[in-house]
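Enquirer: What follows is a structure written as structure tokens; I'll ask about it next.
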Amino acid sequence: MFELVLAFIVGSSLGVISGIIPGLNVFVSILLVFPLLLTWDPVSIMFMYISLASVHQYFGSVSATVFAIPGSNTSLPALQEGHSMFQNGRGSEAIMTAAIGSFIASMFAIVLIHLSLPMLDIFYQMFNTHIQVFLLSIACITIIIFSGNKIWISFLFWMAGNLLAMVGYHDFYGGWDFATFGINSLYAGIDLLPVMISLFVVPVFAKAWNNGGKIEFDGVTISGYVSAARTMLTKMKSTLARSSVIGALAGFVPGVSWGLSTKLAYITELMLRKKKGIYNEKGDVNCLVAAETSNNAGVYTSMVPMIFAGIPITASTALIYNILLFQGMVPTVAFFQSLYGTVMIGFALSSILGLFIAGKYVNFLKVFSGLNLKVFYSAIFVLLLVICYTTAQKLYAGFDNMVILACLLPFGYLIRRFNTMPLIYGFVLHDIFLEGVYRLQSFY
């Protein structure tokens with residue numbers, strides 16, 4: 001029992017820290033306690049992991065909403081919609097609705113796994129590369145069409161993202177060297193952080209800088225949570241249901257994970273609301289809730305393919321899977337069922353913790369209320385520069401990241417009037433999409 005309590009405390013604490021600090025994702029957080037995990041039993045390991053992954057989602061969305069700091073690529077919708085709401089004095093609404101949606105989705109995922117256990121074997125027999133490539137294609141097409149730009153501009157952005165992702169030496173594709181220009185630091189490719197800062201965050205900052213104004217943020221309260229929950233359950237039932245299903249099902253699918261499920265849920269909601277003419281350009285709460293709901297639903301269900309089918313679908317689940325194998329464990333259906341109940345309790349507790357602790361953390365940020373936006377964004381930009389350098393410096397690439405960032409910044413400013421999300425999605429989804437296409441070619 002003591003080990004389970006310790007696992008919960010370690011996982012939740014790392015979730016808070018990794019959610020707040022960009023670059024410190026779930027995978028890196030697990031590495032920080034890797035030696036400790038080697039001494040734990042499988043149930044404690046899974047308990048720690050699910051607590052970490054769950055709490056991380058709550059705090060990651062808060063940082064993206066308030067500071068426009070993308071903790072990971074799953075924070076993009078929170079940055080796009082949540083931060084726009086924050087700029088327009090609706091930050092409290094954004095944070096509370098996102099947190100409640102995440103909590104509801106977490107509970108839905110628990111119930112879904114419980115009901116689907118007898119059918120999982122059939123599901124994994126049906127899964128193939130064709131389904132994976134189809135889902136990725138749908139994600140790319142819809143974000144291009146419904147991004148708010150002219151379609152040809154969004155397509156060019158998407159292509160630009162793919163080209164940036166291709167920079168480097170590709171051993172997987174037969175030793176192909178693309179756009180490295182003989183620069184050693186480019187052989188490993190371009191890091192995600194300078195791309196996101198220069199080509200996604202900077203356009204957001206540039207528009208806010210020109211508009212000026214002051215921060216309006218009142219924090220959150222228990223009564224506010226209750227009021228937001230009532231509103232969501234009466235006016236957002238379809239959004240919650242649709243996004244929970246997308247997130248939970250995507251978590252089951254190898255090669256998809258909750259990263260893609262977040263994008264699918266977001267662009268699905270974006271498409272529906274734009275077709276109805278009810279999308280709010282100043283920050284759409286339904287689109288935000290859709291992304292955050294899908295995100296948390298997929299966190300829990302993504303464990304299933306790892307344990308049930310031996311298929312880790314994210315870097316973090318792959319690391320956990322290897323720790324289990326190192327201990328001599330062979331994940332099977334029986335193994336999953338033996339720890340399912342305990343891990344379910346950990347997930348529920350971490351969701352409750354994330355819901356309320358994130359709210360307390362947010363209230364500390366009321367000190368920024370009334371601050372001039374130009375001062376605020378200048379300080380955040382400097383912080384992002386420090387993060388971009390220090391994160392890469394762990395691999396002795398801090399200077400390289402800063403050079404790449406400096407080269408991309410002018411382009412970010414030039415495209416500030418457009419929605420650059422297709423570019424970022426093209427960059428993020430490139431590798432997994434191209435690998436799927438290569439596998440399809442080998443079939444035929």
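Chain labels A, B, ... are given in the sequence in which chains occur in the structure tokens; within each chain residues are numbered consecutively from 1, and ligands are likewise numbered from 1 in the order shown.
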Please list as a PyMOL selection string every residue within 7 Å of range 78-85 of chain A, counting only C-alpha atoms and excluding residues in the same chain fewer than 2 positions away.
Expert: chain A and resi 61+64-66+68+70+75-76+87-91+94+282-284+288
Enquirer: What would the file look like if the residues just selected were written as a compact mmCIF listing (two decimals), in the first residue's frame with C-alpha atoms?
Expert:
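What ended up in selection34.txt:
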# COMPACT_ATOMS: atom_id res chain seq x y z
CA SER A 61 -3.81 23.03 -20.99
CA ALA A 64 -1.21 26.94 -22.94
CA THR A 65 -4.36 28.89 -22.11
CA VAL A 66 -2.80 31.48 -19.81
CA ALA A 68 0.40 30.59 -24.69
CA PRO A 70 2.74 24.87 -25.71
CA SER A 75 -1.64 21.77 -26.25
CA LEU A 76 -2.13 23.41 -29.65
CA GLN A 87 -7.05 37.48 -24.33
CA ASN A 88 -10.72 38.44 -24.39
CA GLY A 89 -11.29 38.18 -20.65
CA ARG A 90 -12.70 34.64 -20.71
CA GLY A 91 -9.71 32.80 -19.26
CA ALA A 94 -11.70 28.39 -20.70
CA LYS A 282 -12.25 35.15 -30.47
CA GLY A 283 -11.92 31.73 -28.91
CA ASP A 284 -14.45 28.93 -29.29
CA LEU A 288 -11.48 23.85 -26.71
Enquirer: May I have the residues within 7 Å of Asn419 in chain A as a PyMOL selection string, using only C-alpha atoms and disregarding those fewer than 2 positions away in the same chain?
Expert: chain A and resi 147-149+421
Enquirer: Those same residues - N, CA and C atoms - I'd like them written as an mmCIF file, in the first residue's frame.
Expert:
data_model
loop_
_atom_site.group_PDB
_atom_site.id
_atom_site.type_symbol
_atom_site.label_atom_id
_atom_site.label_comp_id
_atom_site.auth_asym_id
_atom_site.auth_seq_id
_atom_site.Cartn_x
_atom_site.Cartn_y
_atom_site.Cartn_z
ATOM 1 N N SER A 147 -9.324 25.415 -41.529
ATOM 2 C CA SER A 147 -8.420 26.206 -40.685
ATOM 3 C C SER A 147 -8.762 27.692 -40.670
ATOM 4 N N GLY A 148 -9.608 28.120 -41.602
ATOM 5 C CA GLY A 148 -9.960 29.540 -41.659
ATOM 6 C C GLY A 148 -9.195 30.304 -42.718
ATOM 7 N N ASN A 149 -8.158 29.701 -43.288
ATOM 8 C CA ASN A 149 -7.433 30.311 -44.399
ATOM 9 C C ASN A 149 -8.077 29.872 -45.708
ATOM 10 N N MET A 421 -1.866 26.649 -37.916
ATOM 11 C CA MET A 421 -1.994 25.305 -37.373
ATOM 12 C C MET A 421 -1.771 24.217 -38.434
#
Enquirer: Could you pull the residues within 12 Å of Arg417 in chain A, counting only C-alpha atoms, minus those fewer than 5 positions along the same chain, as number ranges by chain?
Expert: A: 148-149, 153, 199-200, 202-208, 210, 411-412
Enquirer: Contacts of Asp400 in chain A at 10 Å or less, counting only C-alpha atoms, minus same-chain residues fewer than 4 places along, as a ChimeraX atom specification?
Expert: /A:184-186,190-191,389,392-393,396,404-406
Enquirer: Now that the selection is made, can you save its residues with N, CA and C atoms as a short mmCIF file (atom, residue, chain, number, x, y, z; two decimals), in the first residue's frame?
Expert:
data_model
loop_
_atom_site.label_atom_id
_atom_site.label_comp_id
_atom_site.auth_asym_id
_atom_site.auth_seq_id
_atom_site.Cartn_x
_atom_site.Cartn_y
_atom_site.Cartn_z
N ASN A 184 26.14 19.92 -39.52
CA ASN A 184 26.02 18.72 -38.68
C ASN A 184 24.79 18.73 -37.79
N SER A 185 24.44 19.89 -37.25
CA SER A 185 23.32 19.97 -36.32
C SER A 185 21.98 19.67 -36.97
N LEU A 186 21.90 19.76 -38.31
CA LEU A 186 20.64 19.49 -39.00
C LEU A 186 20.45 18.02 -39.35
N ILE A 190 15.00 18.95 -37.24
CA ILE A 190 14.66 20.18 -36.53
C ILE A 190 13.76 19.83 -35.34
N ASP A 191 14.09 20.38 -34.20
CA ASP A 191 13.31 20.13 -32.98
C ASP A 191 11.94 20.79 -33.07
N TYR A 389 16.38 27.07 -25.38
CA TYR A 389 17.82 26.81 -25.28
C TYR A 389 18.13 25.70 -24.27
N ALA A 392 17.14 21.99 -25.27
CA ALA A 392 18.03 21.37 -26.26
C ALA A 392 19.45 21.21 -25.73
N GLN A 393 19.83 22.06 -24.77
CA GLN A 393 21.19 22.00 -24.25
C GLN A 393 21.47 20.70 -23.51
N TYR A 396 23.28 19.05 -25.80
CA TYR A 396 24.33 19.94 -26.32
C TYR A 396 23.94 20.56 -27.66
N ILE A 404 18.19 28.00 -35.33
CA ILE A 404 17.00 27.59 -36.09
C ILE A 404 15.84 28.52 -35.78
N LEU A 405 15.66 28.83 -34.50
CA LEU A 405 14.59 29.73 -34.09
C LEU A 405 14.75 31.10 -34.73
N ALA A 406 15.98 31.61 -34.73
CA ALA A 406 16.24 32.93 -35.33
C ALA A 406 15.95 32.94 -36.82
#
Enquirer: Just want the 10 Å neighbourhood of Ile100 in chain A, counted on only C-alpha atoms, with same-chain residues fewer than 5 positions away dropped. Output as an NGL selection string.
Expert: :A and (58 or 95 or 105-106 or 225-226 or 228-229 or 232 or 289 or 292-293 or 351-352 or 355-356)
Enquirer: Which is closest to Ile17 in chain A among A:Ser63, A:Asn401, A:Ser227, A:Ser44, if we use only C-alpha atoms?
Expert: A:Ser63
Enquirer: Expressed in Å to a single decimal, how great is the separation between CA of Val26 in chain A and CA of Ile50 in chain A?
Expert: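 Taking CA of Val26 in chain A and CA of Ile50 in chain A, their separation equals 10.1 Å.
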